[in-house]
file run26.txt (compact mmCIF, C-alpha atoms)
# COMPACT_ATOMS: atom_id res chain seq x y z
CA MET A 30 -5.56 10.50 8.70
CA ASP A 31 -6.28 6.91 9.78
CA ARG A 32 -8.82 5.92 7.17
CA HIS A 33 -9.81 2.38 6.27
CA VAL A 34 -8.52 1.47 2.82
CA PRO A 35 -10.31 -1.57 1.38
CA ASN A 36 -8.15 -4.60 0.68
CA LYS A 37 -8.04 -4.31 -3.11
CA LEU A 38 -5.26 -4.11 -5.64
CA PHE A 39 -6.59 -1.25 -7.76
CA PHE A 40 -8.86 1.75 -7.17
CA LYS A 41 -10.51 4.13 -9.60
CA ILE A 42 -10.25 7.87 -9.05
CA GLY A 43 -13.80 8.08 -7.65
CA GLU A 44 -13.00 5.45 -5.02
CA VAL A 45 -9.81 7.27 -4.06
CA CYS A 46 -11.75 10.53 -3.74
CA GLU A 47 -14.22 8.86 -1.42
CA ILE A 48 -11.53 7.19 0.71
CA THR A 49 -9.38 10.32 1.01
CA ASP A 50 -12.22 12.88 1.04
CA THR A 51 -10.76 14.90 -1.84
CA GLN A 52 -12.02 16.02 -5.23
CA PRO A 53 -10.81 14.49 -8.53
CA TYR A 54 -9.37 17.80 -9.75
CA VAL A 55 -7.30 18.03 -6.56
CA LEU A 56 -5.87 14.56 -7.15
CA ARG A 57 -5.05 15.39 -10.75
CA TYR A 58 -3.32 18.61 -9.65
CA TRP A 59 -1.34 16.80 -6.98
CA GLU A 60 -0.23 14.27 -9.61
CA SER A 61 1.29 17.15 -11.57
CA GLU A 62 3.04 18.56 -8.49
CA PHE A 63 4.19 15.45 -6.62
CA PRO A 64 6.33 12.92 -8.53
CA ALA A 65 5.64 10.37 -5.78
CA LEU A 66 1.99 10.33 -6.84
CA ALA A 67 1.90 8.69 -10.26
CA PRO A 68 -0.99 6.26 -10.73
CA ALA A 69 -0.92 3.99 -13.75
CA LYS A 70 -3.54 4.23 -16.46
CA ASN A 71 -5.47 1.30 -17.87
CA SER A 72 -6.05 0.65 -21.57
CA SER A 73 -9.00 3.06 -21.64
CA GLY A 74 -6.93 5.83 -20.03
CA GLN A 75 -8.54 5.72 -16.57
CA ARG A 76 -6.27 6.28 -13.61
CA ILE A 77 -5.69 3.12 -11.59
CA TYR A 78 -4.45 3.82 -8.08
CA ARG A 79 -2.76 1.31 -5.81
CA ARG A 80 -2.74 1.24 -2.01
CA LYS A 81 0.65 2.99 -2.05
CA ASP A 82 -0.86 5.82 -4.09
CA ILE A 83 -3.72 6.21 -1.61
CA GLU A 84 -1.25 6.33 1.28
CA THR A 85 0.67 9.01 -0.61
CA VAL A 86 -2.52 11.04 -1.15
CA LEU A 87 -3.36 10.79 2.55
CA ARG A 88 0.18 11.87 3.47
CA ILE A 89 0.04 14.84 1.07
CA LYS A 90 -3.32 15.85 2.50
CA GLN A 91 -1.94 15.62 6.04
CA LEU A 92 1.09 17.74 5.17
CA LEU A 93 -0.94 20.42 3.39
CA TYR A 94 -4.10 20.64 5.48
CA GLU A 95 -3.12 19.48 8.97
CA GLU A 96 0.54 20.45 9.23
CA GLY A 97 0.28 23.64 7.14
CA PHE A 98 2.98 22.92 4.57
CA THR A 99 3.08 24.70 1.24
CA ILE A 100 3.13 22.61 -1.94
CA ALA A 101 6.90 23.12 -2.21
CA GLY A 102 7.44 22.25 1.45
CA ALA A 103 5.26 19.15 1.23
CA LYS A 104 7.11 18.07 -1.92
CA LYS A 105 10.47 18.39 -0.13
CA ARG A 106 9.18 16.51 2.91
CA LEU A 107 7.85 13.65 0.76
CA GLU A 108 11.16 13.45 -1.10
CA ALA A 109 13.01 13.33 2.22
CA GLU A 110 10.70 10.61 3.52
CA ALA A 111 11.12 8.62 0.31
CA ALA A 112 14.89 8.89 0.65
CA GLY A 113 14.56 7.46 4.16
CA ARG A 114 15.68 10.58 5.97
CA GLY A 115 12.41 11.26 7.73
CA ALA A 116 9.91 8.44 7.93
CA THR A 117 6.46 9.42 9.11
CA PRO A 118 5.42 8.40 12.60
CA SER A 119 2.32 6.66 11.26
CA SER A 120 4.25 4.69 8.67
CA MET A 121 6.87 3.68 11.23
CA ALA A 122 4.20 2.42 13.62
CA SER A 123 2.32 0.30 11.11
CA SER A 124 4.91 -0.80 8.58
CA PRO A 125 6.28 -4.35 8.88
CA ALA A 126 9.18 -3.29 6.67
CA ALA A 127 10.05 -0.56 9.14
CA GLU A 128 10.00 -3.05 11.97
CA ALA A 129 12.25 -5.39 10.00
CA ALA A 130 14.60 -2.55 9.13
CA SER A 131 14.87 -1.41 12.74
CA SER A 132 15.58 -4.86 14.16
CA PRO A 133 18.99 -6.41 13.59
CA ALA A 134 19.09 -9.27 11.12
CA PRO A 135 20.59 -12.51 12.44
CA SER A 136 23.79 -13.49 10.66
CA SER A 137 23.02 -17.21 10.75
CA PRO A 138 20.31 -19.32 12.36
CA THR A 139 21.12 -20.62 15.82
CA PRO A 140 19.98 -24.04 17.04
CA GLN A 141 17.56 -22.26 19.39
CA SER A 142 16.00 -20.20 16.58
CA VAL A 143 15.62 -23.30 14.40
CA ALA A 144 13.93 -25.16 17.24
CA ALA A 145 11.65 -22.18 17.93
CA GLN A 146 10.67 -22.03 14.26
CA LYS A 147 9.85 -25.76 14.27
CA ASP A 148 7.73 -25.36 17.43
CA SER A 149 5.94 -22.40 15.90
CA ALA A 150 5.30 -24.29 12.66
CA GLN A 151 3.85 -27.22 14.59
CA LYS A 152 1.54 -24.92 16.57
CA ASP A 153 0.40 -23.19 13.39
CA ALA A 154 -0.29 -26.49 11.68
CA THR A 155 -2.57 -27.63 14.50
CA ASP A 156 -4.36 -24.30 15.02
CA PRO A 157 -7.68 -24.44 13.10
CA SER A 158 -8.19 -20.68 13.33
CA GLU A 159 -4.86 -20.18 11.57
CA ASP A 160 -6.05 -22.50 8.78
CA GLU A 161 -9.23 -20.44 8.43
CA ARG A 162 -7.27 -17.19 8.24
CA THR A 163 -4.93 -18.68 5.65
CA ARG A 164 -7.89 -19.90 3.62
CA ALA A 165 -9.54 -16.48 3.78
CA VAL A 166 -6.34 -14.77 2.62
CA LEU A 167 -5.92 -17.24 -0.23
CA LEU A 168 -9.52 -16.70 -1.33
CA GLU A 169 -8.93 -12.94 -1.33
CA VAL A 170 -5.75 -13.35 -3.40
CA ARG A 171 -7.63 -15.58 -5.85
CA GLN A 172 -10.37 -12.94 -6.23
CA GLN A 173 -7.81 -10.20 -6.85
CA LEU A 174 -5.99 -12.33 -9.41
CA ARG A 175 -9.28 -12.91 -11.22
CA GLU A 176 -9.88 -9.14 -11.26
CA MET A 177 -6.44 -8.62 -12.76
CA LEU A 178 -7.09 -11.27 -15.42
CA THR A 179 -10.35 -9.54 -16.27
CA LEU A 180 -8.51 -6.24 -16.70
CA LEU A 181 -5.91 -7.93 -18.88
CA ASP A 182 -8.58 -9.67 -20.97
CA ARG A 183 -10.32 -6.35 -21.59
CA GLY A 184 -7.04 -4.90 -22.80
CA ASP A 185 -6.46 -7.85 -25.14
CA ARG A 186 -9.88 -7.47 -26.75
CA LYS A 187 -9.27 -3.81 -27.54
CA VAL A 188 -5.99 -4.59 -29.28
CA ASP A 189 -7.57 -7.14 -31.68
call {"tool": "encode", "arguments": {"input": "run26.txt", "output": "structure tokens"}}
result
Amino acid sequence: MDRHVPNKLFFKIGEVCEITDTQPYVLRYWESEFPALAPAKNSSGQRIYRRKDIETVLRIKQLLYEEGFTIAGAKKRLEAEAAGRGATPSSMASSPAAEAASSPAPSSPTPQSVAAQKDSAQKDATDPSEDERTRAVLLEVRQQLREMLTLLDRGDRKVD
């Protein structure tokens, strides 16, 4: 189930099929059966999947093929997981949101936590490898924003 999902915003159905090792007709059927799987469509009607959709496809595949659930059973399990009653072990291990949810939130900053944050910020500011990572992330975000603008521009041209 641990497959590498490229760091992109949107995926076409063929890319999702390749990543998840499923057929397009299977994905389309699962869309009709699982409300949690609802990719958007672009202006030309093509399905546009997000990372969340790919994770949902992988979870459905795991439930059906590896854990032996029926469609109805997998649907109930996904609904329960979405409601927060039964998070998956893999999502709990890798999700920053899950880590944040499981750790208690401080009510107000203490002088020690403020000092620790200042020390950490100073270390980060002087660490050149951190600057390189930040630059790489920003370049990736810029590329993805350009891709989104291209998609939006294509939609605008078809309306005119």
call {"tool": "atom_distance", "arguments": {"input": "run26.txt", "atom1": "atom CA of Gly97 of chain A", "atom2": "atom CA of Ala111 of chain A"}}
result
19.7 Å
call {"tool": "atom_distance", "arguments": {"input": "run26.txt", "atom1": "atom CA of Ser73 of chain A", "atom2": "atom CA of Lys90 of chain A"}}
result
27.9 Å
call {"tool": "atom_distance", "arguments": {"input": "run26.txt", "atom1": "atom CA of Gly113 of chain A", "atom2": "atom CA of Ala65 of chain A"}}
result
13.7 Å
call {"tool": "closest_residue", "arguments": {"input": "run26.txt", "among": "A:Arg76, A:Arg57, A:Lys41, A:Lys104", "to": "Ile89 of chain A", "atoms": "all atoms listed in the file"}}
result
A:Lys104
call {"tool": "closest_residue", "arguments": {"input": "run26.txt", "among": "A:Gln173, A:Thr179, A:Ser61, A:Thr49", "to": "Glu84 of chain A", "atoms": "only C-alpha atoms"}}
result
A:Thr49
call {"tool": "residues_around", "arguments": {"input": "run26.txt", "residues": "Val170 of chain A", "least_positions_apart": "5", "cutoff": "10 Å", "atoms": "only C-alpha atoms", "output": "ChimeraX atom specification"}}
result
/A:36-38,164-165,175-176
call {"tool": "closest_residue", "arguments": {"input": "run26.txt", "among": "A:Asp82, A:Ile48, A:Phe40, A:Leu93", "to": "Glu60 of chain A", "atoms": "all atoms listed in the file"}}
result
A:Asp82
call {"tool": "closest_residue", "arguments": {"input": "run26.txt", "among": "A:Ile83, A:Leu181, A:Leu107, A:Ala67", "to": "His33 of chain A", "atoms": "all atoms listed in the file"}}
result
A:Ile83
call {"tool": "closest_residue", "arguments": {"input": "run26.txt", "among": "A:Pro64, A:Tyr58, A:Tyr78, A:Ala101", "to": "Glu44 of chain A", "atoms": "only C-alpha atoms"}}
result
A:Tyr78
call {"tool": "closest_residue", "arguments": {"input": "run26.txt", "among": "A:Asn71, A:Glu108, A:Val166, A:Glu159", "to": "Asp182 of chain A", "atoms": "all atoms listed in the file"}}
result
A:Asn71
